[in-house]
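**Q** Sharing protein_7.cif (mmCIF, C-alpha atoms) below.
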```
data_entry
#
loop_
_atom_site.label_atom_id
_atom_site.label_comp_id
_atom_site.auth_asym_id
_atom_site.auth_seq_id
_atom_site.Cartn_x
_atom_site.Cartn_y
_atom_site.Cartn_z
CA MET S 5 6.14 -6.31 -18.94
CA HIS S 6 6.63 -9.57 -20.78
CA ILE S 7 10.39 -9.06 -20.40
CA PHE S 8 9.88 -9.95 -16.74
CA ALA S 9 7.89 -13.10 -17.46
CA ASN S 10 11.08 -14.96 -16.59
CA PRO S 11 11.39 -14.96 -12.75
CA ALA S 12 15.22 -15.15 -12.96
CA ARG S 13 15.33 -11.98 -15.04
CA PHE S 14 12.85 -10.29 -12.69
CA LEU S 15 14.96 -11.24 -9.65
CA ARG S 16 18.13 -9.82 -11.22
CA LEU S 17 16.42 -6.43 -11.32
CA ALA S 18 14.38 -6.78 -8.10
CA ARG S 19 17.33 -7.57 -5.80
CA PRO S 20 19.21 -4.25 -6.16
CA LEU S 21 15.98 -2.30 -6.65
CA THR S 22 14.55 -3.44 -3.29
CA ALA S 23 17.38 -1.79 -1.34
CA TRP S 24 17.37 1.40 -3.44
CA LEU S 25 13.61 1.86 -3.11
CA GLY S 26 13.63 0.97 0.59
CA TRP S 27 16.43 3.31 1.68
CA GLY S 28 15.39 6.07 -0.73
CA GLY S 29 11.82 5.84 0.54
CA ALA S 30 12.90 5.92 4.20
CA LEU S 31 15.03 9.04 3.62
CA LEU S 32 12.26 10.87 1.76
CA ILE S 33 9.68 9.93 4.42
CA ALA S 34 11.97 11.30 7.14
CA ALA S 35 12.51 14.52 5.14
CA GLY S 36 8.84 14.96 4.20
CA LEU S 37 7.46 14.25 7.67
CA GLY S 38 10.19 16.33 9.35
CA ALA S 39 9.30 19.26 7.11
CA GLY S 40 5.59 18.63 7.67
CA LEU S 41 6.01 18.73 11.45
CA TRP S 42 8.54 21.55 11.83
CA LEU S 43 8.75 23.64 8.64
CA ALA S 44 5.23 23.74 7.19
CA PRO S 45 2.97 26.43 8.67
CA PRO S 46 -0.25 25.59 10.54
CA ASP S 47 -3.49 26.01 8.60
CA TYR S 48 -5.38 29.28 9.10
CA LEU S 49 -8.59 27.36 9.86
CA GLN S 50 -7.57 23.94 11.24
CA GLY S 51 -4.41 25.05 13.03
CA GLU S 52 -1.84 22.38 13.85
CA THR S 53 -4.21 19.47 13.09
CA VAL S 54 -3.51 19.91 9.39
CA ARG S 55 -0.12 18.20 9.94
CA ILE S 56 -1.98 14.86 9.93
CA LEU S 57 -2.27 15.51 6.17
CA TYR S 58 1.35 14.39 5.66
CA VAL S 59 0.61 10.82 6.76
CA HIS S 60 -3.09 10.57 5.92
CA VAL S 61 -3.00 11.57 2.26
CA PRO S 62 -0.03 9.34 1.20
CA ALA S 63 -1.73 6.41 2.98
CA ALA S 64 -4.99 7.10 1.12
CA TRP S 65 -3.22 7.37 -2.24
CA LEU S 66 -1.28 4.14 -1.66
CA GLY S 67 -4.35 2.28 -0.44
CA MET S 68 -6.04 3.13 -3.75
CA ALA S 69 -2.88 2.63 -5.84
CA GLY S 70 -2.47 -0.84 -4.30
CA TRP S 71 -5.88 -1.92 -5.60
CA ALA S 72 -5.23 -0.30 -8.99
CA GLY S 73 -2.07 -2.44 -9.11
CA ILE S 74 -4.06 -5.56 -8.16
CA ALA S 75 -6.58 -4.82 -10.94
CA LEU S 76 -3.81 -4.31 -13.52
CA ALA S 77 -1.98 -7.47 -12.43
CA SER S 78 -5.27 -9.40 -12.49
CA LEU S 79 -5.93 -8.21 -16.04
CA MET S 80 -2.43 -9.32 -17.07
CA GLN S 81 -2.99 -12.68 -15.41
CA LEU S 82 -6.37 -13.28 -17.05
CA VAL S 83 -5.61 -11.93 -20.54
CA TRP S 84 -1.89 -12.59 -21.11
CA ARG S 85 -1.34 -15.28 -18.42
CA HIS S 86 1.75 -13.41 -17.25
CA PRO S 87 3.44 -15.81 -14.79
CA LEU S 88 4.37 -13.08 -12.30
CA ALA S 89 1.04 -11.24 -12.41
CA GLY S 90 -0.64 -13.41 -9.76
CA VAL S 91 2.44 -13.15 -7.54
CA ALA S 92 2.41 -9.35 -7.92
CA ALA S 93 -1.31 -9.10 -7.11
CA ARG S 94 -0.90 -11.16 -3.94
CA ALA S 95 2.20 -9.15 -2.96
CA LEU S 96 0.23 -5.89 -3.31
CA ALA S 97 -2.72 -6.97 -1.18
CA VAL S 98 -1.33 -6.84 2.37
CA PRO S 99 0.60 -3.55 1.91
CA GLY S 100 -2.50 -2.05 0.28
CA ALA S 101 -4.64 -3.19 3.21
CA VAL S 102 -2.17 -1.82 5.78
CA PHE S 103 -2.04 1.61 4.08
CA THR S 104 -5.84 1.69 3.80
CA ALA S 105 -6.06 0.91 7.53
CA ILE S 106 -3.51 3.66 8.26
CA CYS S 107 -5.62 6.06 6.17
CA LEU S 108 -8.75 5.18 8.17
CA VAL S 109 -7.02 5.43 11.57
CA THR S 110 -5.27 8.74 10.79
CA GLY S 111 -8.49 10.08 9.25
CA SER S 112 -10.35 9.23 12.42
CA LEU S 113 -7.65 10.96 14.51
CA TRP S 114 -8.00 14.00 12.24
CA GLY S 115 -11.79 13.92 12.33
CA ARG S 116 -12.10 14.13 16.12
CA PRO S 117 -10.49 17.59 16.55
CA ALA S 118 -11.58 18.91 13.11
CA TRP S 119 -15.20 17.70 12.96
CA GLY S 120 -15.86 16.70 16.54
CA THR S 121 -16.38 13.03 15.64
CA TRP S 122 -14.20 9.94 15.26
CA TRP S 123 -16.34 8.48 12.48
CA GLU S 124 -19.17 9.44 10.15
CA TRP S 125 -20.85 7.27 7.52
CA ASP S 126 -19.75 9.73 4.88
CA GLY S 127 -19.25 8.67 1.23
CA ARG S 128 -15.45 8.95 1.24
CA MET S 129 -14.93 7.24 4.61
CA THR S 130 -17.40 4.46 3.89
CA SER S 131 -15.93 3.71 0.46
CA MET S 132 -12.42 3.56 2.01
CA LEU S 133 -13.74 1.13 4.63
CA VAL S 134 -15.22 -0.95 1.77
CA LEU S 135 -11.74 -0.93 0.16
CA LEU S 136 -10.26 -2.37 3.37
CA PHE S 137 -12.89 -5.14 3.37
CA LEU S 138 -12.12 -5.83 -0.31
CA TYR S 139 -8.43 -6.24 0.55
CA VAL S 140 -9.27 -8.68 3.36
CA GLY S 141 -11.52 -10.62 0.98
CA PHE S 142 -8.84 -10.71 -1.72
CA VAL S 143 -6.18 -12.01 0.69
CA ALA S 144 -8.55 -14.71 2.02
CA LEU S 145 -9.63 -15.76 -1.49
CA ALA S 146 -6.08 -15.82 -2.92
CA ASP S 147 -4.82 -17.86 0.07
CA ALA S 148 -7.71 -20.33 -0.14
CA GLU S 149 -7.20 -20.76 -3.89
CA ARG S 150 -3.48 -21.27 -3.46
CA GLU S 151 -3.98 -23.89 -0.74
CA ARG S 152 -6.33 -25.81 -3.02
CA GLY S 153 -3.79 -25.67 -5.85
CA GLY S 154 -5.90 -23.31 -7.99
CA ASP S 155 -4.50 -21.02 -10.68
CA GLY S 156 -5.60 -17.80 -8.93
CA ARG S 157 -8.26 -17.03 -11.52
CA LEU S 158 -11.04 -16.40 -8.98
CA ALA S 159 -8.87 -13.95 -7.04
CA ALA S 160 -7.97 -12.21 -10.32
CA ILE S 161 -11.66 -11.79 -11.23
CA PHE S 162 -12.30 -10.46 -7.71
CA GLY S 163 -9.37 -8.04 -8.17
CA LEU S 164 -10.87 -6.70 -11.39
CA VAL S 165 -14.44 -6.41 -10.08
CA GLY S 166 -13.23 -4.71 -6.88
CA ALA S 167 -11.71 -1.91 -8.98
CA ILE S 168 -15.25 -0.54 -9.38
CA ASN S 169 -14.78 0.89 -5.88
CA LEU S 170 -11.86 3.13 -6.99
CA PRO S 171 -13.91 5.69 -8.96
CA VAL S 172 -16.52 5.55 -6.18
CA ILE S 173 -13.81 6.60 -3.66
CA HIS S 174 -12.47 9.29 -6.00
CA TYR S 175 -15.82 10.88 -6.87
CA SER S 176 -17.49 10.27 -3.48
CA VAL S 177 -16.73 13.83 -2.36
CA LEU S 178 -18.53 15.16 -5.43
CA TRP S 179 -21.46 12.73 -5.48
CA TRP S 180 -22.27 12.96 -1.78
CA ARG S 181 -21.43 16.33 -0.26
CA THR S 182 -21.11 15.35 3.38
CA LEU S 183 -18.37 15.81 5.97
CA HIS S 184 -15.17 14.95 4.09
CA GLN S 185 -13.58 17.87 2.26
CA GLY S 186 -13.45 17.96 -1.54
CA GLN S 187 -10.42 17.24 -3.69
CA SER S 188 -7.64 19.78 -3.11
CA ILE S 189 -4.85 18.23 -5.21
CA GLY S 190 -5.25 17.45 -8.91
CA LEU S 191 -2.82 16.36 -11.58
CA THR S 192 -2.34 19.89 -12.89
CA ARG S 193 -3.19 22.18 -9.98
CA SER S 194 -3.61 22.29 -6.23
CA SER S 195 -5.49 24.52 -3.82
CA ILE S 196 -2.89 23.82 -1.10
CA HIS S 197 -0.26 26.53 -0.60
CA GLY S 198 3.24 25.65 -1.84
CA SER S 199 4.72 25.82 1.67
CA MET S 200 2.40 22.97 2.73
CA LEU S 201 2.38 21.12 -0.58
CA TRP S 202 6.06 20.30 -1.02
CA PRO S 203 6.45 18.34 2.27
CA LEU S 204 3.33 16.38 1.29
CA LEU S 205 4.74 15.50 -2.13
CA VAL S 206 8.13 14.51 -0.64
CA ALA S 207 6.45 12.32 2.01
CA ALA S 208 4.11 10.79 -0.59
CA LEU S 209 7.03 9.95 -2.89
CA GLY S 210 8.90 8.43 0.09
CA PHE S 211 5.94 6.26 1.11
CA ALA S 212 5.45 5.24 -2.54
CA LEU S 213 9.09 4.13 -2.90
CA LEU S 214 8.91 2.19 0.38
CA PHE S 215 5.63 0.62 -0.75
CA GLY S 216 7.42 -0.50 -3.94
CA ALA S 217 10.25 -2.01 -1.87
CA ILE S 218 7.75 -3.87 0.34
CA VAL S 219 5.93 -5.27 -2.70
CA LEU S 220 9.25 -6.42 -4.20
CA MET S 221 10.20 -8.10 -0.89
CA ARG S 222 6.87 -9.93 -0.80
CA MET S 223 7.23 -10.99 -4.46
CA ARG S 224 10.75 -12.28 -3.81
CA ALA S 225 9.50 -14.23 -0.76
CA ALA S 226 6.64 -15.74 -2.81
CA LEU S 227 9.00 -16.75 -5.66
CA ALA S 228 11.45 -18.33 -3.20
CA ARG S 229 8.60 -20.27 -1.56
CA GLN S 230 7.38 -21.45 -4.98
CA LYS S 231 10.88 -22.67 -5.75
CA VAL S 232 11.06 -24.64 -2.48
CA GLU S 233 7.59 -26.15 -3.04
CA ALA S 234 8.47 -27.17 -6.61
CA ARG S 235 11.68 -28.80 -5.41
CA LEU S 236 9.88 -30.68 -2.61
CA ARG S 237 7.24 -31.91 -5.11
CA ARG S 238 9.99 -33.20 -7.41
CA MET S 239 11.69 -34.95 -4.51
CA ALA S 240 8.38 -36.57 -3.45
CA THR S 241 7.72 -38.09 -6.90
CA MET Z 1 -8.43 21.16 23.17
CA SER Z 2 -4.79 20.53 22.28
CA HIS Z 3 -4.38 19.03 18.80
CA TRP Z 4 -0.93 17.57 19.40
CA PRO Z 5 -2.03 14.23 20.95
CA PHE Z 6 -4.08 13.59 17.79
CA ILE Z 7 -1.18 14.58 15.51
CA LEU Z 8 1.32 12.42 17.41
CA GLY Z 9 -1.15 9.53 17.48
CA ALA Z 10 -1.60 9.73 13.71
CA TYR Z 11 2.17 9.85 13.08
CA ALA Z 12 2.74 6.95 15.48
CA ALA Z 13 0.05 4.84 13.78
CA ALA Z 14 1.47 5.58 10.32
CA LEU Z 15 5.11 5.02 11.24
CA LEU Z 16 4.52 1.91 13.37
CA GLY Z 17 2.28 0.40 10.70
CA THR Z 18 4.78 1.11 7.92
CA ALA Z 19 7.81 -0.02 9.94
CA GLY Z 20 6.06 -3.18 11.11
CA LEU Z 21 5.02 -4.08 7.57
CA THR Z 22 8.55 -3.41 6.26
CA VAL Z 23 10.26 -5.53 8.92
CA TRP Z 24 7.74 -8.37 8.53
CA SER Z 25 8.15 -8.40 4.73
CA PHE Z 26 11.96 -8.23 5.00
CA VAL Z 27 12.19 -11.08 7.52
CA ALA Z 28 9.79 -13.25 5.46
CA MET Z 29 11.83 -12.57 2.30
CA ARG Z 30 15.17 -13.36 3.96
CA ARG Z 31 13.79 -16.56 5.49
CA ALA Z 32 12.24 -17.77 2.20
CA GLU Z 33 15.33 -16.92 0.13
CA ARG Z 34 17.65 -18.61 2.65
CA GLU Z 35 15.47 -21.72 2.50
CA ALA Z 36 15.52 -21.68 -1.31
CA ASP Z 37 19.30 -21.15 -1.38
CA GLY Z 38 19.68 -24.02 1.12
CA LEU Z 39 18.04 -26.36 -1.39
CA LYS Z 40 20.74 -25.55 -3.95
CA ASP Z 41 23.43 -26.68 -1.53
CA GLY Z 42 21.47 -29.74 -0.42
CA PRO Z 43 21.46 -33.25 -1.94
#
```
Taking this structure as input, can you express it in the form of structure tokens?
**A**
Amino acid sequence: MHIFANPARFLRLARPLTAWLGWGGALLIAAGLGAGLWLAPPDYLQGETVRILYVHVPAAWLGMAGWAGIALASLMQLVWRHPLAGVAARALAVPGAVFTAICLVTGSLWGRPAWGTWWEWDGRMTSMLVLLFLYVGFVALADAERERGGDGRLAAIFGLVGAINLPVIHYSVLWWRTLHQGQSIGLTRSSIHGSMLWPLLVAALGFALLFGAIVLMRMRAALARQKVEARLRRMAT
Amino acid sequence: MSHWPFILGAYAAALLGTAGLTVWSFVAMRRAEREADGLKDGP
């Protein structure tokens, strides 16, 4: 990671990577969602509603992965003072918030036909809502710190502390057995049939690649803005 | 109750949210990089 401490070196890699991740992600999303809508079979219990899985689950994973990225970047900023870590954390926040919001909206649209309710104060749903509020808080704190010329340390501490919510989200379905279903996909095995699993994995990979492209775009924008601000400061003195 | 309005609503929310975020990030990046490149050419 320290190889990319130099923004020029980072940009040499980020420029071509942005396009590759963006277009690759878009193609995989189209393939995964197309297969999810037209090739995957309906569920024996939930019927066609299960197709919401192909947008809901990738959004949930990326909402959580975004905060895991913020926590890692915050750690790198606080411990190693990596110059790009703060930029990366800020670049992750808005995409993470958007995917968390998508997860909540699509979950609500799934809940109405499946459970008969748009919302329930269930452990999983509530902890995902808390994640959305954490994202909003992080964005507000990072912006306020930046405007006051701070070094982003407060936002980094907030990013680390907020990571406590990630295991709460993950284990919520085990700790509080309420409405949300338990975990059906693990690292080594899945209870979802292969015919429904592969479109999900393709769509999830597509959304992940596009998420990476979006984060790179936001990092590039932040670095360009820093460059302009530094130049204007030099001209003013 | 037909499930398709819920399915289409979920796909629309996901795709519009993702596309909107992508376009916004791309436009902001292009604008910022053009501004930074403009400084190189300036006085």
**Q** Can you list every residue of chain Z that has an atom at most 9 Å from chain S, with its nearest atom pair and the distance in Å to one decimal, using all atoms listed in the file, ordered by chain then number, as a tab-separated table?
**A**
```
residue	atom	partner	partner_atom	distance
Z:Met1	CA	S:Pro117	CA	7.8
Z:Ser2	CA	S:Pro117	CA	8.6
Z:His3	CA	S:Thr53	CA	5.7
Z:Trp4	CA	S:Thr53	CA	7.4
Z:Phe6	CA	S:Leu113	CA	5.5
Z:Ile7	CA	S:Ile56	CA	5.6
Z:Leu8	CA	S:Ile56	CA	8.5
Z:Gly9	CA	S:Leu113	CA	7.3
Z:Ala10	CA	S:Thr110	CA	4.8
Z:Tyr11	CA	S:Val59	CA	6.6
Z:Ala13	CA	S:Ile106	CA	6.7
Z:Ala14	CA	S:Ile106	CA	5.7
Z:Leu15	CA	S:Val59	CA	8.6
Z:Gly17	CA	S:Val102	CA	7.0
Z:Thr18	CA	S:Val102	CA	7.8
Z:Leu21	CA	S:Pro99	CA	7.2
Z:Thr22	CA	S:Ile218	CA	6.0
Z:Ser25	CA	S:Arg222	CA	5.9
Z:Phe26	CA	S:Met221	CA	6.1
Z:Ala28	CA	S:Ala225	CA	6.3
Z:Met29	CA	S:Ala225	CA	4.2
Z:Arg30	CA	S:Ala225	CA	7.4
Z:Arg31	CA	S:Ala225	CA	7.9
Z:Ala32	CA	S:Ala225	CA	5.4
Z:Glu33	CA	S:Ala228	CA	5.3
Z:Arg34	CA	S:Ala228	CA	8.5
Z:Glu35	CA	S:Val232	CA	7.3
Z:Ala36	CA	S:Val232	CA	5.5
Z:Asp37	CA	S:Ala228	CA	8.5
Z:Leu39	CA	S:Val232	CA	7.3
```
**Q** One number please: atom CA of Val172 of chain S to atom CA of Gly210 of chain S, in Å, one decimal.
**A**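 Those two atoms sit 26.3 Å apart.
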**Q** Might you spell out which residues the PyMOL selection byres ((chain S and resi 80) around 12) would select in the displayed file, as a ChimeraX atom specification?
**A** /S:5-6,9,73-79,81-93,157,160-161,163-164
**Q** For atom CA of Gln185 of chain S and atom CA of Arg128 of chain S, quote the distance in Å rounded to one decimal.
**A**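 Calculated distance between atom CA of Gln185 of chain S and atom CA of Arg128 of chain S is 9.2 Å.
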**Q** Between atom CA of Leu133 of chain S and atom CA of Leu49 of chain S, what is the spacing in Å?
**A**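 Taking atom CA of Leu49 of chain S and atom CA of Leu133 of chain S, their separation equals 27.2 Å.
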**Q** Taking 5 positions as the minimum chain separation for residues in the same chain, which residues sit within 8 Å of Asn169 of chain S when counting only C-alpha atoms? Answer as a short mmCIF file (atom, residue, chain, number, x, y, z; two decimals) with C-alpha atoms, in the coordinates of the input.
**A**
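Writing done, so here's selection34.cif:
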```
data_model
loop_
_atom_site.label_atom_id
_atom_site.label_comp_id
_atom_site.auth_asym_id
_atom_site.auth_seq_id
_atom_site.Cartn_x
_atom_site.Cartn_y
_atom_site.Cartn_z
CA SER S 131 -15.93 3.71 0.46
CA VAL S 134 -15.22 -0.95 1.77
CA LEU S 135 -11.74 -0.93 0.16
#
```
